[in-house]
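Peer 1: Following this line is work_18.cif, made up of mmCIF, C-alpha atoms:
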```cif
data_my_file
loop_
_atom_site.label_atom_id
_atom_site.label_comp_id
_atom_site.auth_asym_id
_atom_site.auth_seq_id
_atom_site.Cartn_x
_atom_site.Cartn_y
_atom_site.Cartn_z
CA MET A 29 2.28 -18.88 -6.99
CA ARG A 30 4.95 -16.54 -5.73
CA ILE A 31 7.60 -15.90 -8.36
CA LEU A 32 11.02 -14.26 -8.34
CA LEU A 33 11.90 -12.88 -11.76
CA VAL A 34 15.65 -12.20 -12.13
CA GLU A 35 15.80 -10.06 -15.27
CA ASP A 36 17.67 -6.83 -16.07
CA GLU A 37 15.67 -5.89 -19.18
CA LYS A 38 13.15 -3.58 -17.52
CA ASN A 39 10.52 -3.63 -20.27
CA LEU A 40 10.55 -7.41 -20.48
CA ALA A 41 10.51 -7.73 -16.69
CA MET A 42 7.47 -5.47 -16.38
CA GLU A 43 5.71 -7.35 -19.20
CA ILE A 44 6.27 -10.71 -17.50
CA LYS A 45 5.26 -9.30 -14.09
CA ALA A 46 2.01 -7.85 -15.49
CA PHE A 47 1.16 -11.13 -17.20
CA MET A 48 1.85 -13.25 -14.12
CA GLU A 49 -0.14 -10.97 -11.82
CA LYS A 50 -3.04 -11.02 -14.27
CA GLU A 51 -2.88 -14.82 -13.94
CA GLY A 52 -3.24 -14.41 -10.18
CA ASP A 53 0.41 -14.90 -9.19
CA ILE A 54 2.70 -12.69 -7.10
CA CYS A 55 5.84 -11.63 -8.97
CA ASP A 56 8.90 -9.91 -7.47
CA ILE A 57 11.58 -8.47 -9.77
CA ALA A 58 15.36 -8.44 -9.21
CA GLY A 59 17.50 -6.72 -11.83
CA ASN A 60 20.84 -8.13 -10.71
CA LEU A 61 22.45 -10.90 -8.67
CA ARG A 62 22.71 -8.80 -5.51
CA ASP A 63 19.01 -7.96 -5.40
CA ALA A 64 18.14 -11.56 -6.28
CA SER A 65 20.23 -12.84 -3.36
CA GLU A 66 18.49 -10.46 -0.96
CA ASN A 67 15.06 -11.63 -2.11
CA LEU A 68 16.01 -15.31 -1.87
CA ALA A 69 17.25 -14.85 1.69
CA VAL A 70 13.98 -13.45 3.04
CA ASN A 71 11.10 -14.59 0.81
CA PRO A 72 9.80 -18.08 -0.05
CA TYR A 73 9.24 -18.69 -3.77
CA ASP A 74 7.46 -21.33 -5.79
CA PHE A 75 9.35 -20.36 -8.96
CA VAL A 76 12.52 -18.50 -9.92
CA LEU A 77 12.67 -17.25 -13.52
CA LEU A 78 16.36 -16.63 -14.09
CA ASP A 79 18.08 -14.64 -16.81
CA LEU A 80 21.73 -15.59 -17.33
CA GLY A 81 23.18 -12.33 -18.65
CA LEU A 82 23.02 -10.02 -15.63
CA PRO A 83 24.96 -6.76 -15.16
CA ASP A 84 26.89 -7.98 -12.09
CA GLY A 85 27.55 -11.58 -13.08
CA ASP A 86 26.34 -14.81 -14.62
CA GLY A 87 22.91 -16.05 -13.59
CA LEU A 88 24.32 -19.58 -13.45
CA ASP A 89 26.24 -18.52 -10.34
CA LEU A 90 22.90 -18.00 -8.59
CA LEU A 91 21.64 -21.55 -9.11
CA GLU A 92 23.48 -23.04 -6.12
CA GLU A 93 22.27 -20.20 -3.91
CA ILE A 94 18.68 -20.72 -5.04
CA GLN A 95 18.86 -24.35 -4.03
CA ASP A 96 20.43 -23.48 -0.67
CA TYR A 97 17.75 -20.95 0.26
CA GLN A 98 14.79 -22.24 -1.76
CA GLU A 99 14.83 -26.02 -1.74
CA GLN A 100 11.21 -26.22 -2.92
CA ALA A 101 11.51 -23.59 -5.67
CA SER A 102 11.39 -24.59 -9.33
CA ILE A 103 13.77 -22.83 -11.73
CA ILE A 104 13.36 -21.86 -15.37
CA ILE A 105 16.30 -20.24 -17.14
CA LEU A 106 15.35 -17.36 -19.46
CA THR A 107 18.12 -16.26 -21.77
CA ALA A 108 19.01 -15.11 -25.24
CA ARG A 109 21.90 -17.57 -25.25
CA SER A 110 21.35 -20.49 -27.58
CA GLU A 111 24.52 -22.45 -26.93
CA VAL A 112 23.91 -26.05 -25.94
CA ASP A 113 26.65 -25.90 -23.30
CA ASP A 114 24.86 -23.14 -21.36
CA ARG A 115 21.59 -25.00 -21.51
CA VAL A 116 23.13 -28.28 -20.37
CA LYS A 117 25.13 -26.63 -17.58
CA GLY A 118 22.01 -24.90 -16.24
CA LEU A 119 20.07 -28.15 -16.17
CA GLN A 120 22.97 -29.97 -14.54
CA LEU A 121 23.12 -27.31 -11.83
CA GLY A 122 19.48 -27.87 -10.95
CA ALA A 123 17.30 -25.83 -13.31
CA ASP A 124 13.99 -27.49 -14.21
CA ASP A 125 13.65 -26.05 -17.71
CA TYR A 126 15.19 -23.65 -20.22
CA LEU A 127 13.41 -21.11 -22.42
CA ALA A 128 15.27 -19.08 -25.04
CA LYS A 129 14.32 -15.48 -25.81
CA PRO A 130 12.15 -14.34 -27.44
CA PHE A 131 9.40 -16.49 -26.01
CA SER A 132 5.64 -16.48 -25.62
CA LEU A 133 4.35 -15.64 -22.14
CA VAL A 134 1.64 -18.24 -22.64
CA GLU A 135 4.33 -20.86 -23.31
CA LEU A 136 6.24 -19.76 -20.21
CA LYS A 137 3.13 -20.20 -18.07
CA ALA A 138 2.41 -23.58 -19.66
CA ARG A 139 5.94 -24.78 -18.87
CA MET A 140 5.56 -23.64 -15.26
CA GLN A 141 2.31 -25.56 -14.93
CA ALA A 142 3.91 -28.64 -16.50
CA ILE A 143 6.73 -28.50 -13.94
CA LEU A 144 4.24 -28.21 -11.09
CA ARG A 145 2.25 -31.16 -12.39
CA ARG A 146 5.39 -33.26 -12.78
CA LYS A 147 6.71 -32.44 -9.30
CA SER A 148 3.32 -33.02 -7.71
CA GLY A 149 2.71 -36.30 -9.50
CA TRP A 150 -0.17 -34.94 -11.59
CA ASN A 151 -0.13 -35.23 -15.37
CA ARG A 152 -3.06 -33.03 -16.23
CA ASP A 153 -4.87 -29.84 -15.22
CA LEU A 154 -7.53 -31.63 -13.15
CA ILE A 155 -6.90 -32.35 -9.47
CA HIS A 156 -9.12 -34.62 -7.40
CA ILE A 157 -9.30 -33.95 -3.68
CA GLY A 158 -11.83 -35.94 -1.69
CA GLU A 159 -14.95 -36.02 -3.82
CA PHE A 160 -14.15 -32.71 -5.50
CA GLU A 161 -12.46 -31.86 -8.79
CA MET A 162 -10.33 -28.74 -9.33
CA ASP A 163 -9.76 -27.43 -12.84
CA LEU A 164 -6.53 -25.43 -12.94
CA ASN A 165 -7.31 -23.97 -16.36
CA SER A 166 -10.71 -22.50 -15.53
CA LYS A 167 -9.80 -22.04 -11.84
CA THR A 168 -13.01 -23.73 -10.71
CA ILE A 169 -13.94 -26.53 -8.33
CA SER A 170 -16.89 -28.82 -8.76
CA PHE A 171 -18.76 -31.72 -7.16
CA GLN A 172 -20.26 -34.26 -9.57
CA LYS A 173 -19.99 -31.67 -12.38
CA GLU A 174 -21.75 -28.97 -10.31
CA GLU A 175 -19.54 -25.90 -9.97
CA ILE A 176 -19.05 -24.49 -6.47
CA ASN A 177 -18.74 -20.74 -6.13
CA LEU A 178 -15.36 -19.96 -4.54
CA THR A 179 -13.75 -16.54 -4.42
CA LYS A 180 -10.39 -16.07 -6.14
CA LYS A 181 -8.56 -16.09 -2.80
CA GLU A 182 -10.41 -19.19 -1.60
CA PHE A 183 -9.44 -21.08 -4.76
CA THR A 184 -5.83 -19.84 -4.55
CA LEU A 185 -5.59 -20.82 -0.88
CA LEU A 186 -6.98 -24.31 -1.48
CA HIS A 187 -4.73 -24.89 -4.50
CA PHE A 188 -1.64 -23.78 -2.57
CA MET A 189 -2.46 -26.16 0.28
CA ILE A 190 -3.03 -29.04 -2.13
CA MET A 191 0.33 -28.35 -3.78
CA ASN A 192 1.82 -28.73 -0.29
CA LYS A 193 -0.29 -31.73 0.72
CA ASN A 194 0.63 -33.45 4.00
CA ARG A 195 2.62 -30.39 5.04
CA VAL A 196 1.48 -28.15 7.91
CA LEU A 197 1.23 -24.52 6.77
CA ASN A 198 0.95 -21.78 9.38
CA ARG A 199 -1.21 -18.69 9.02
CA PHE A 200 1.73 -16.46 8.08
CA GLN A 201 2.80 -18.77 5.24
CA LEU A 202 -0.74 -18.89 3.89
CA ALA A 203 -1.21 -15.13 4.19
CA GLU A 204 2.13 -14.46 2.54
CA HIS A 205 1.15 -16.65 -0.38
CA LEU A 206 -2.14 -14.80 -0.83
CA TRP A 207 -0.87 -11.26 -0.37
CA GLY A 208 2.93 -11.41 -0.63
CA ASP A 209 4.70 -8.43 0.93
CA HIS A 210 1.70 -6.24 0.17
CA LEU A 211 -0.87 -7.29 2.72
CA GLU A 212 -4.13 -5.42 2.32
CA ASP A 213 -4.51 -2.36 4.52
CA ASP A 214 -7.32 -3.95 6.52
CA TYR A 215 -5.61 -7.35 6.77
CA GLN A 216 -6.22 -9.10 10.08
CA SER A 217 -4.48 -12.20 11.40
CA ASN A 218 -7.74 -14.14 11.47
CA TYR A 219 -8.40 -13.69 7.74
CA ILE A 220 -6.91 -17.12 7.00
CA ASP A 221 -9.21 -18.69 9.59
CA VAL A 222 -12.17 -16.97 7.93
CA HIS A 223 -11.14 -18.26 4.49
CA ILE A 224 -10.73 -21.81 5.83
CA LYS A 225 -14.13 -21.59 7.55
CA ASN A 226 -15.73 -20.42 4.30
CA LEU A 227 -14.09 -23.23 2.32
CA ARG A 228 -15.38 -25.83 4.75
CA LYS A 229 -18.86 -24.33 4.69
CA LYS A 230 -19.09 -24.10 0.89
CA LEU A 231 -17.58 -27.51 0.18
CA GLY A 232 -19.21 -29.19 3.17
CA GLN A 233 -22.63 -28.62 1.64
CA PHE A 234 -21.71 -31.21 -0.98
CA ALA A 235 -19.35 -33.72 0.67
CA SER A 236 -16.99 -34.32 3.57
CA THR A 237 -13.96 -32.04 3.98
CA ASP A 238 -12.16 -34.26 6.51
CA TRP A 239 -9.04 -33.97 4.35
CA LEU A 240 -8.76 -30.26 5.31
CA GLU A 241 -7.28 -30.50 8.79
CA THR A 242 -6.67 -28.00 11.55
CA VAL A 243 -3.38 -28.66 13.35
CA ARG A 244 -3.94 -27.06 16.72
CA GLY A 245 -1.45 -24.34 17.56
CA LEU A 246 0.31 -24.67 14.21
CA GLY A 247 -1.96 -24.11 11.22
CA TYR A 248 -3.66 -26.18 8.55
CA LYS A 249 -2.85 -28.99 6.17
CA ILE A 250 -4.37 -31.05 3.37
CA LYS A 251 -4.26 -34.75 4.19
CA ALA A 252 -3.65 -36.68 0.97
#
```
If you convert what's in this file into structure tokens, what do you get?
Peer 2:
Amino acid sequence: MRILLVEDEKNLAMEIKAFMEKEGDICDIAGNLRDASENLAVNPYDFVLLDLGLPDGDGLDLLEEIQDYQEQASIIILTARSEVDDRVKGLQLGADDYLAKPFSLVELKARMQAILRRKSGWNRDLIHIGEFEMDLNSKTISFQKEEINLTKKEFTLLHFMIMNKNRVLNRFQLAEHLWGDHLEDDYQSNYIDVHIKNLRKKLGQFASTDWLETVRGLGYKIKA
């Protein structure tokens, strides 16, 4: 996932960023409303983790902007405030969840996964696509209980496409999800095509991958 963390406590922000990147996510940090607005205007995000007490204003003021720029993004409010009114107002303005500081990073990740499952219509960590089963906890894919050896990027790419099933994703969108703003030095535009080819080859040894479609001139999509 690509995450925007809006948090002015630098130590906490770096701790969350390190944890999320260890989990395989891309995490951008904004320490104030201005920087957050700039990020929202140019980058697509799966999640926005939003602190309310920011140096240049109230994080609640950013909620409407998030929904204007990032219609698909999920929002979790992170704050030391415990007042019910703040929590209710945030949820009414469109936040998906609320987590009071201090909190466990493991709990934060679990809440994010729960939101994804709810929005995608899944109620557990196992996803079935065609004749294959993806385990989001172990980050593995299997066919009739036999694990298939995918690279980290192949698994991430396939999961991202499944989360956006029936939606055409172009090569830039897929590359940006895998590498964010920090594309590898030797990145080439055909890397996505290579990853898709490898996925079809590895999975196709076990069962049909007709659900992984090429949309000529546009990109790729998962047909649900």
Peer 1: Show which residues sit within 12 Å of A:Leu40, as an MDAnalysis selection string. Count all atoms listed in the file, and ignore same-chain residues fewer than 6 positions away.
Peer 2: chainID A and resid 33:34 46:47 57 59 79 106:107 129:133
Peer 1: If you apply the PyMOL selection byres ((chain A and resi 134-146) around 12) to this file, what residues do you get, as a PyMOL selection string?
Peer 2: chain A and resi 29-31+44-45+47-53+74-77+100-106+123-133+147-155+164-165+187-188+190-192
Peer 1: Just want the 9 Å neighbourhood of A:Asp84, counted on all atoms listed in the file, with same-chain residues fewer than 4 positions away dropped. Output as a PyMOL selection string.
Peer 2: chain A and resi 60-62
Peer 1: Excluding stretch 243-245 of chain A and any residue of its chain fewer than 6 positions from it, enumerate the residues within 10 Å of it, using all atoms listed in the file, and give them as a PyMOL selection string.
Peer 2: chain A and resi 196-198
Peer 1: Between atom CA of A:Asp96 and atom CA of A:Leu82, what is the distance, to one decimal in Å?
Peer 2: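 Between these atoms lies a distance of 20.3 Å.
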Peer 1: With only C-alpha atoms as the basis for distance, which of A:Gly81, A:Gly122, A:Gly87, A:Gly247 is at the shortest distance from A:Leu202?
Peer 2: A:Gly247
Peer 1: Take atom CA of A:Arg199 and atom CA of A:Lys167 and report the distance between them in Å, one decimal.
Peer 2: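 Pair atom CA of A:Arg199 / atom CA of A:Lys167 returns 22.8 Å.
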Peer 1: Under the rule that only C-alpha atoms are counted, which of A:Ala69, A:Val116, A:Ala203, A:Leu78 is the nearest residue to A:Glu99?
Peer 2: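 Looking at the shortest contact to A:Glu99, the residue is A:Ala69.
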Peer 1: With the PyMOL selection byres ((chain A and resi 231) around 10) as the selection, what would be picked from this file? Answer as a list of chain:residue names, please.
Peer 2: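 This file, filtered by the PyMOL selection byres ((chain A and resi 231) around 10), leaves A:Glu159, A:Phe160, A:Ile169, A:Ser170, A:Phe171, A:Ile176, A:Asn177, A:Leu178, A:Asn226, A:Leu227, A:Arg228, A:Lys229, A:Lys230, A:Gly232, A:Gln233, A:Phe234, A:Ala235, A:Ser236, A:Thr237.
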Peer 1: One decimal, in Å: what's the spacing between atom CA of A:Glu93 and atom CA of A:Asn67?
Peer 2: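 We find that atom CA of A:Glu93 and atom CA of A:Asn67 lie 11.3 Å from each other.
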Peer 1: Out of A:Asp56, A:Asp89, A:Asp238, A:Glu174, which residue has the shortest atom-to-atom distance to A:Met162 when counting all atoms listed in the file?
Peer 2: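 For A:Met162, the nearest of the given residues is A:Glu174.
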